Amino acid sequence: MYEMCAGPEKPGGVLVWHVMVKQSTTTLCGQRLVEAVDATGAQHAGHCPACMTSFAKLMTAPPEAGPSAVPTR
């Protein structure tokens, strides 16, 4: 699962929303978010373009073939 977390676009940059795997501190764009951000400041923040591109690729990729994907006779 994924969640949206507010943080700087780059260290010292403007506040944006990043996509992060739950229970992780690393975003899809590779940033590490470790400090809490004031939610009121994030209310009107944009989205991280790199995170959104990565997330779109993940959501449109075909499902991985695994043991449950093998048809049985």
# chains A, B, ... in the order shown; residues from 1 in each chain; ligands from 1
call {"tool": "residues_around", "arguments": {"residues": "A:Met20", "least_positions_apart": "3", "cutoff": "8 Å", "atoms": "only C-alpha atoms", "output": "JSON, numbers by chain"}}
result
{"A": [2, 3, 4, 5, 24, 25, 26, 27, 28]}
call {"tool": "closest_residue", "arguments": {"among": "A:Val16, A:Ala61, A:Met52, A:Ala6", "to": "A:Asp38", "atoms": "only C-alpha atoms"}}
result
A:Ala6
call {"tool": "select_by_dssp", "arguments": {"residues": "stretch 2-56 of chain A", "states": "strand (DSSP E)", "output": "PyMOL selection string"}}
result
chain A and resi 2-8+15-21+46-47
call {"tool": "select_by_dssp", "arguments": {"residues": "chain A", "states": "helix (DSSP H, G or I)", "output": "JSON, numbers by chain"}}
result
{"A": [39, 40, 41, 42, 49, 50, 51, 52, 53, 54, 55, 56, 57, 58, 59, 60, 67, 68, 69]}
